[in-house]
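What follows is one structure encoded as structure tokens, with my remarks underneath.
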Amino acid sequence: MSAPRSLASLRAGESGRVCQITVDPEVTRWLGALGIASGTGLTVLRRGLWGGPLHVRSEAGADFALARSLAEDVLLDEGAP
């Protein structure tokens, strides 16, 4: 099994399953409200230019933009969700 990668490191079309979120509890709760929690499958649809946000889809079908700085703190196990 490979080491976890940050969501921000994935290219468009790559997927993974959330294994850890390394931000404070308040932000973790906010991400949970968006549907991003441990065990959630995520796919990067597009990457914003010049360090812009990531356009991400959850396995439940929700699409959202996530700041790249926050995506650095979402760690994934690689593989299709």
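Letters A, B, ... go to the chains of the structure tokens in the order shown; residues in each chain start at 1; ligands are counted from 1 in the same order.
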- request: Please identify all polymer residues within 6 Å of Arg68 in chain A, counting only C-alpha atoms, omitting same-chain residues fewer than 3 positions from it, and present them as number ranges by chain.
  value: A: 8, 53, 71
Put those residues in a file: C-alpha atoms, as an mmCIF file, in the first residue's frame.
data_model
loop_
_atom_site.group_PDB
_atom_site.id
_atom_site.type_symbol
_atom_site.label_atom_id
_atom_site.label_comp_id
_atom_site.auth_asym_id
_atom_site.auth_seq_id
_atom_site.Cartn_x
_atom_site.Cartn_y
_atom_site.Cartn_z
ATOM 1 C CA ALA A 8 -3.957 18.953 -3.837
ATOM 2 C CA PRO A 53 -9.061 25.950 -6.410
ATOM 3 C CA ALA A 71 -6.796 20.473 -0.196
#
- request: Please report, as an MDAnalysis selection string, each residue of range 16-77 of chain A to which DSSP assigns strand (DSSP E) when run on this structure's backbone.
  value: chainID A and resid 16:21 41:47 54:58 63:66 74:77
Distance of CA of Asp63 in chain A from CA of Arg29 in chain A, expressed in Å to one decimal place: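 Interatomic distance here is 18.0 Å.
Selecting alpha helix (DSSP H) from the backbone DSSP output for range 3-80 of chain A yields Pro25, Glu26, Val27, Thr28, Arg29, Trp30, Leu31, Gly32, Ala33, Leu34, Arg68, Ser69, Leu70 and Ala71 of chain A.
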field: Pick from A:Ile36, A:Leu31, A:Ile21, A:Ala60 nearest to Leu75 in chain A, counting only C-alpha atoms
entry: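 So, comparing all the options, the nearest one is A:Ile21.
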- prompt: Nearest to Ala37 in chain A: which of A:Val18, A:Ala67, A:Val23, A:Leu54 is it, counting only C-alpha atoms?
  reply: A:Val18
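Using only C-alpha atoms for every distance, the candidate list A:Gly39, A:Gly13, A:Pro25, A:Pro4 yields A:Gly13 as the residue closest to Arg57 in chain A.
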message: If I take CA of Trp30 in chain A and CA of Leu49 in chain A, how far is one from the other in Å, to one decimal?
response: 25.0 Å
